[in-house]
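The structure under discussion appears below in the form of structure tokens.
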Amino acid sequence: MDKTLRKTVLALTEPFAITARPYAAVAKKLGITEQALISRIAAYQEEGVVRRMGIVYGHFKMGFNANALVVWQVPDAKLEATGKIFATFPAVTHCYARKAYAQWPYDLYTMVHAKTRKECDAIIAAMAAKSGIKQSKVCTTLKEFKKIKTDLREIL
């Protein structure tokens with residue numbers, strides 16, 4: 001792996017500064033301009049080296065104590081449209097399709113986060129009402145066992 005790529009990836013995996021221009025702070029650490037960093041990231045994405053960038057946060061630490069994985073049974077013809085509907089809900093952090101099986105007919109998965117169980121249930125009910133999908137199972141989070149950051153220096 002080339003040194004520039006390695007340094008950039010490592011810098012981007014460190015916690016971002018809480019500032020209006022977090023990329024400027026990362027760029028400064030790398031000794032380049034903010035625009036150069038943004039261009040570099042875009043090039044890495046175009047090359048397929050970087051697939052996506054996102055935020056990882058601790059739901060429980062932020063007060064979201066009622067979290068649920070909701071699995072939905074959605075007809076194939078409605079799968080994409082339903083996924084788009086669910087993805088519009090701010091409380092939904094993950095929304096993805098998986099293959100359904102005879103013994104597990106659920107093909108759309110959503111992760112819903114709320115401060116209370118009542119609020120979480122209301123969001124799930126609103127999702128069902130807006131989509132028209134009624135067949136679902138709610139798997140609530142009982143305890144978070146592990147959420148750690150991988151030390152990329154060990155693998156890069």
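Chain lettering (A, B, ...) mirrors the order of the structure tokens, residue numbering begins at 1 for each chain separately, and ligand numbering begins at 1 in order of display.
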
Taking 4 positions as the minimum chain separation for residues in the same chain, which residues sit within 12 Å of region 46-56 of chain A when counting only C-alpha atoms? Answer as a PDB file with C-alpha atoms, in the first residue's frame.
ATOM      1  CA  MET A   1       0.000   0.000   0.000  1.00  0.00           C
ATOM      2  CA  ASP A   2       1.389   3.384  -0.906  1.00  0.00           C
ATOM      3  CA  LEU A   5      -2.954   6.198   0.980  1.00  0.00           C
ATOM      4  CA  ARG A   6      -1.938   4.637   4.293  1.00  0.00           C
ATOM      5  CA  THR A   8      -4.714   9.332   4.641  1.00  0.00           C
ATOM      6  CA  VAL A   9      -6.746   6.296   5.706  1.00  0.00           C
ATOM      7  CA  LEU A  12      -9.509   9.619   8.470  1.00  0.00           C
ATOM      8  CA  THR A  13     -10.124   6.857  11.014  1.00  0.00           C
ATOM      9  CA  GLU A  14      -9.127   9.042  13.955  1.00  0.00           C
ATOM     10  CA  PRO A  15     -11.930  10.888  15.767  1.00  0.00           C
ATOM     11  CA  PHE A  16     -12.911  14.006  13.832  1.00  0.00           C
ATOM     12  CA  SER A  39     -10.060  15.530  -3.883  1.00  0.00           C
ATOM     13  CA  ARG A  40      -7.944  12.647  -2.592  1.00  0.00           C
ATOM     14  CA  ILE A  41     -10.983  11.057  -0.889  1.00  0.00           C
ATOM     15  CA  ALA A  42     -13.048  11.453  -4.079  1.00  0.00           C
ATOM     16  CA  MET A  62     -26.206   9.387  23.508  1.00  0.00           C
ATOM     17  CA  THR A  93     -29.770   4.096  10.971  1.00  0.00           C
ATOM     18  CA  HIS A  94     -29.613   0.915   8.893  1.00  0.00           C
ATOM     19  CA  LYS A 147     -18.329  -1.911  20.000  1.00  0.00           C
ATOM     20  CA  ILE A 148     -14.675  -1.301  19.326  1.00  0.00           C
ATOM     21  CA  LYS A 149     -12.673   0.478  16.701  1.00  0.00           C
TER      22      LYS A 149
END

Problem set entry | Selection near region 143-145 of chain A, 10 Å with only C-alpha atoms, sequence-local residues under 6 positions removed, as an MDAnalysis selection string | chainID A and resid 58:60 65 67

For this session: Show which residues sit within 12 Å of Ala36 (chain A), as a list in words. Count only C-alpha atoms, and ignore same-chain residues fewer than 6 positions away.
Result: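 Residues meeting the cut-off are Thr8, Tyr23, Ala24, Val26, Ala27, Lys28, Leu30, Ala42 and Ala43 of chain A.
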
Give me a file of those residues, with C-alpha atoms, as a short mmCIF file (atom, residue, chain, number, x, y, z; two decimals), in the first residue's frame.
data_model
loop_
_atom_site.label_atom_id
_atom_site.label_comp_id
_atom_site.auth_asym_id
_atom_site.auth_seq_id
_atom_site.Cartn_x
_atom_site.Cartn_y
_atom_site.Cartn_z
CA THR A 8 -4.71 9.33 4.64
CA TYR A 23 -11.71 17.91 6.91
CA ALA A 24 -9.60 21.05 7.28
CA VAL A 26 -7.46 16.34 9.12
CA ALA A 27 -5.80 17.99 6.11
CA LYS A 28 -3.67 20.14 8.42
CA LEU A 30 -1.50 15.56 6.76
CA ALA A 42 -13.05 11.45 -4.08
CA ALA A 43 -10.29 9.78 -6.10
#

Exercise. For Thr141 (chain A), which residue among A:Ile85, A:Leu69, A:Thr4, A:Ala20 is the nearest when counting only C-alpha atoms?
Worked result: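 Answer, going by the shortest atom-to-atom distance: A:Leu69.
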
Identify, on the basis of only C-alpha atoms, every residue whose closest approach to region 95-103 of chain A does not exceed 10 Å; exclude the query and any residue fewer than 3 positions from it along the same chain; express the result as an mmCIF file with C-alpha atoms, in the first residue's frame.
data_model
loop_
_atom_site.group_PDB
_atom_site.id
_atom_site.type_symbol
_atom_site.label_atom_id
_atom_site.label_comp_id
_atom_site.auth_asym_id
_atom_site.auth_seq_id
_atom_site.Cartn_x
_atom_site.Cartn_y
_atom_site.Cartn_z
ATOM 1 C CA LEU A 69 -33.711 -4.498 14.853
ATOM 2 C CA VAL A 70 -37.005 -4.755 12.992
ATOM 3 C CA VAL A 71 -37.289 -7.408 10.311
ATOM 4 C CA TRP A 72 -40.033 -7.013 7.729
ATOM 5 C CA GLN A 73 -41.709 -9.420 5.316
ATOM 6 C CA VAL A 74 -42.051 -7.400 2.133
ATOM 7 C CA LEU A 79 -39.001 -4.197 -1.554
ATOM 8 C CA GLU A 80 -37.114 -1.247 -3.046
ATOM 9 C CA THR A 82 -40.459 0.119 1.045
ATOM 10 C CA GLY A 83 -36.743 0.373 1.770
ATOM 11 C CA LYS A 84 -36.765 3.959 0.492
ATOM 12 C CA ILE A 85 -39.743 4.780 2.717
ATOM 13 C CA PHE A 86 -38.065 3.317 5.800
ATOM 14 C CA ALA A 87 -34.797 5.093 5.034
ATOM 15 C CA THR A 88 -36.581 8.472 5.314
ATOM 16 C CA VAL A 92 -33.551 4.436 11.195
ATOM 17 C CA TYR A 106 -38.108 -11.572 6.461
ATOM 18 C CA ASP A 107 -36.244 -9.745 3.722
ATOM 19 C CA LEU A 108 -35.980 -6.122 4.850
ATOM 20 C CA TYR A 109 -34.056 -5.149 7.979
ATOM 21 C CA THR A 110 -34.114 -1.821 9.790
ATOM 22 C CA MET A 111 -32.352 -0.611 12.914
ATOM 23 C CA VAL A 112 -34.488 1.822 14.881
#

Exercise. If you measure from CA of Gln35 (chain A) to CA of Arg21 (chain A), what distance in Å do you get, rounded to one decimal?
Worked result: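 Those two atoms sit 11.2 Å apart.
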
For this session: Within chain A, find each residue whose DSSP state, derived from the backbone, is alpha helix (DSSP H), and express the selection as a PyMOL selection string.
Result: chain A and resi 3-13+22-30+34-47+79-87+117-131

Could you write those residues out with C-alpha atoms, as a PDB file, in the first residue's frame?
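Dumped to selection_30.pdb:
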ATOM      1  CA  LYS A   3       2.407   5.678   1.964  1.00  0.00           C
ATOM      2  CA  THR A   4       0.052   8.506   0.976  1.00  0.00           C
ATOM      3  CA  LEU A   5      -2.954   6.198   0.980  1.00  0.00           C
ATOM      4  CA  ARG A   6      -1.938   4.637   4.293  1.00  0.00           C
ATOM      5  CA  LYS A   7      -1.407   8.020   5.998  1.00  0.00           C
ATOM      6  CA  THR A   8      -4.714   9.332   4.641  1.00  0.00           C
ATOM      7  CA  VAL A   9      -6.746   6.296   5.706  1.00  0.00           C
ATOM      8  CA  LEU A  10      -5.208   6.328   9.184  1.00  0.00           C
ATOM      9  CA  ALA A  11      -5.887  10.064   9.562  1.00  0.00           C
ATOM     10  CA  LEU A  12      -9.509   9.619   8.470  1.00  0.00           C
ATOM     11  CA  THR A  13     -10.124   6.857  11.014  1.00  0.00           C
ATOM     12  CA  PRO A  22     -13.491  18.763  10.177  1.00  0.00           C
ATOM     13  CA  TYR A  23     -11.713  17.906   6.911  1.00  0.00           C
ATOM     14  CA  ALA A  24      -9.598  21.050   7.276  1.00  0.00           C
ATOM     15  CA  ALA A  25      -8.312  19.763  10.622  1.00  0.00           C
ATOM     16  CA  VAL A  26      -7.463  16.343   9.121  1.00  0.00           C
ATOM     17  CA  ALA A  27      -5.801  17.992   6.114  1.00  0.00           C
ATOM     18  CA  LYS A  28      -3.667  20.138   8.415  1.00  0.00           C
ATOM     19  CA  LYS A  29      -2.400  16.988  10.177  1.00  0.00           C
ATOM     20  CA  LEU A  30      -1.501  15.557   6.763  1.00  0.00           C
ATOM     21  CA  GLU A  34      -8.643  20.854   2.787  1.00  0.00           C
ATOM     22  CA  GLN A  35      -9.487  20.791  -0.942  1.00  0.00           C
ATOM     23  CA  ALA A  36      -6.561  18.444  -1.637  1.00  0.00           C
ATOM     24  CA  LEU A  37      -7.869  16.048   1.012  1.00  0.00           C
ATOM     25  CA  ILE A  38     -11.404  16.166  -0.367  1.00  0.00           C
ATOM     26  CA  SER A  39     -10.060  15.530  -3.883  1.00  0.00           C
ATOM     27  CA  ARG A  40      -7.944  12.647  -2.592  1.00  0.00           C
ATOM     28  CA  ILE A  41     -10.983  11.057  -0.889  1.00  0.00           C
ATOM     29  CA  ALA A  42     -13.048  11.453  -4.079  1.00  0.00           C
ATOM     30  CA  ALA A  43     -10.292   9.780  -6.103  1.00  0.00           C
ATOM     31  CA  TYR A  44     -10.075   6.899  -3.612  1.00  0.00           C
ATOM     32  CA  GLN A  45     -13.836   6.462  -3.843  1.00  0.00           C
ATOM     33  CA  GLU A  46     -13.739   6.502  -7.638  1.00  0.00           C
ATOM     34  CA  GLU A  47     -10.971   3.866  -7.594  1.00  0.00           C
ATOM     35  CA  LEU A  79     -39.001  -4.197  -1.554  1.00  0.00           C
ATOM     36  CA  GLU A  80     -37.114  -1.247  -3.046  1.00  0.00           C
ATOM     37  CA  ALA A  81     -39.936   1.258  -2.547  1.00  0.00           C
ATOM     38  CA  THR A  82     -40.459   0.119   1.045  1.00  0.00           C
ATOM     39  CA  GLY A  83     -36.743   0.373   1.770  1.00  0.00           C
ATOM     40  CA  LYS A  84     -36.765   3.959   0.492  1.00  0.00           C
ATOM     41  CA  ILE A  85     -39.743   4.780   2.717  1.00  0.00           C
ATOM     42  CA  PHE A  86     -38.065   3.317   5.800  1.00  0.00           C
ATOM     43  CA  ALA A  87     -34.797   5.093   5.034  1.00  0.00           C
ATOM     44  CA  ARG A 117     -39.504   1.870  24.363  1.00  0.00           C
ATOM     45  CA  LYS A 118     -42.789   3.743  23.820  1.00  0.00           C
ATOM     46  CA  GLU A 119     -41.119   6.095  21.324  1.00  0.00           C
ATOM     47  CA  CYS A 120     -39.467   3.154  19.524  1.00  0.00           C
ATOM     48  CA  ASP A 121     -42.802   1.328  19.256  1.00  0.00           C
ATOM     49  CA  ALA A 122     -44.451   4.491  17.885  1.00  0.00           C
ATOM     50  CA  ILE A 123     -41.768   4.852  15.197  1.00  0.00           C
ATOM     51  CA  ILE A 124     -42.180   1.206  14.171  1.00  0.00           C
ATOM     52  CA  ALA A 125     -45.973   1.669  14.006  1.00  0.00           C
ATOM     53  CA  ALA A 126     -45.508   4.793  11.845  1.00  0.00           C
ATOM     54  CA  MET A 127     -43.198   2.847   9.516  1.00  0.00           C
ATOM     55  CA  ALA A 128     -45.807   0.110   9.144  1.00  0.00           C
ATOM     56  CA  ALA A 129     -48.581   2.643   8.531  1.00  0.00           C
ATOM     57  CA  LYS A 130     -46.604   4.637   5.949  1.00  0.00           C
ATOM     58  CA  SER A 131     -45.435   1.547   4.053  1.00  0.00           C
TER      59      SER A 131
END

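DSSP, applied to the backbone of this structure, assigns strand (DSSP E) to the following residues of region 2-112 of chain A: Ala66, Asn67, Ala68, Leu69, Val70, Val71, Trp72, Val92, Thr93, His94, Cys95, Tyr96, Ala97, Leu108, Tyr109, Thr110, Met111 and Val112 of chain A.
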
Residues just named, written with N, CA and C atoms as an mmCIF file, in the first residue's frame:
data_model
loop_
_atom_site.group_PDB
_atom_site.id
_atom_site.type_symbol
_atom_site.label_atom_id
_atom_site.label_comp_id
_atom_site.auth_asym_id
_atom_site.auth_seq_id
_atom_site.Cartn_x
_atom_site.Cartn_y
_atom_site.Cartn_z
ATOM 1 N N ALA A 66 -33.602 2.666 23.754
ATOM 2 C CA ALA A 66 -34.592 1.742 23.192
ATOM 3 C C ALA A 66 -34.239 1.538 21.729
ATOM 4 N N ASN A 67 -33.500 0.489 21.462
ATOM 5 C CA ASN A 67 -33.039 0.199 20.107
ATOM 6 C C ASN A 67 -33.604 -1.146 19.670
ATOM 7 N N ALA A 68 -33.952 -1.245 18.398
ATOM 8 C CA ALA A 68 -34.541 -2.493 17.923
ATOM 9 C C ALA A 68 -34.157 -2.765 16.475
ATOM 10 N N LEU A 69 -33.840 -4.023 16.221
ATOM 11 C CA LEU A 69 -33.711 -4.498 14.853
ATOM 12 C C LEU A 69 -35.112 -4.967 14.468
ATOM 13 N N VAL A 70 -35.673 -4.364 13.443
ATOM 14 C CA VAL A 70 -37.005 -4.755 12.992
ATOM 15 C C VAL A 70 -36.846 -5.434 11.641
ATOM 16 N N VAL A 71 -37.339 -6.657 11.563
ATOM 17 C CA VAL A 71 -37.289 -7.408 10.311
ATOM 18 C C VAL A 71 -38.698 -7.414 9.717
ATOM 19 N N TRP A 72 -38.759 -7.183 8.413
ATOM 20 C CA TRP A 72 -40.033 -7.013 7.729
ATOM 21 C C TRP A 72 -40.177 -8.035 6.611
ATOM 22 N N VAL A 92 -34.075 5.643 11.850
ATOM 23 C CA VAL A 92 -33.551 4.436 11.195
ATOM 24 C C VAL A 92 -32.108 4.693 10.757
ATOM 25 N N THR A 93 -31.176 3.921 11.327
ATOM 26 C CA THR A 93 -29.770 4.096 10.971
ATOM 27 C C THR A 93 -29.288 3.061 9.971
ATOM 28 N N HIS A 94 -29.968 1.949 9.861
ATOM 29 C CA HIS A 94 -29.613 0.915 8.893
ATOM 30 C C HIS A 94 -30.896 0.438 8.230
ATOM 31 N N CYS A 95 -30.831 0.231 6.933
ATOM 32 C CA CYS A 95 -31.981 -0.273 6.191
ATOM 33 C C CYS A 95 -31.424 -1.054 5.016
ATOM 34 N N TYR A 96 -31.621 -2.373 5.040
ATOM 35 C CA TYR A 96 -31.039 -3.193 3.984
ATOM 36 C C TYR A 96 -31.866 -4.446 3.735
ATOM 37 N N ALA A 97 -31.725 -4.961 2.518
ATOM 38 C CA ALA A 97 -32.445 -6.167 2.106
ATOM 39 C C ALA A 97 -31.543 -7.383 2.281
ATOM 40 N N LEU A 108 -36.391 -7.511 4.684
ATOM 41 C CA LEU A 108 -35.980 -6.122 4.850
ATOM 42 C C LEU A 108 -35.694 -5.883 6.328
ATOM 43 N N TYR A 109 -34.519 -5.337 6.605
ATOM 44 C CA TYR A 109 -34.056 -5.149 7.979
ATOM 45 C C TYR A 109 -33.839 -3.666 8.245
ATOM 46 N N THR A 110 -34.331 -3.213 9.398
ATOM 47 C CA THR A 110 -34.114 -1.821 9.790
ATOM 48 C C THR A 110 -33.651 -1.779 11.236
ATOM 49 N N MET A 111 -32.781 -0.836 11.538
ATOM 50 C CA MET A 111 -32.352 -0.611 12.914
ATOM 51 C C MET A 111 -32.959 0.708 13.347
ATOM 52 N N VAL A 112 -33.757 0.654 14.398
ATOM 53 C CA VAL A 112 -34.488 1.822 14.881
ATOM 54 C C VAL A 112 -33.947 2.203 16.257
#

For this session: Go ahead and compute the interatomic distance for CA of Lys115 (chain A) and CA of Gly63 (chain A), in Å to one decimal.
Result: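 Between these atoms lies a distance of 6.0 Å.
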
Exercise. Interatomic distance between CA of Thr140 (chain A) and CA of Lys61 (chain A)?
Worked result: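 The value is 17.1 Å.
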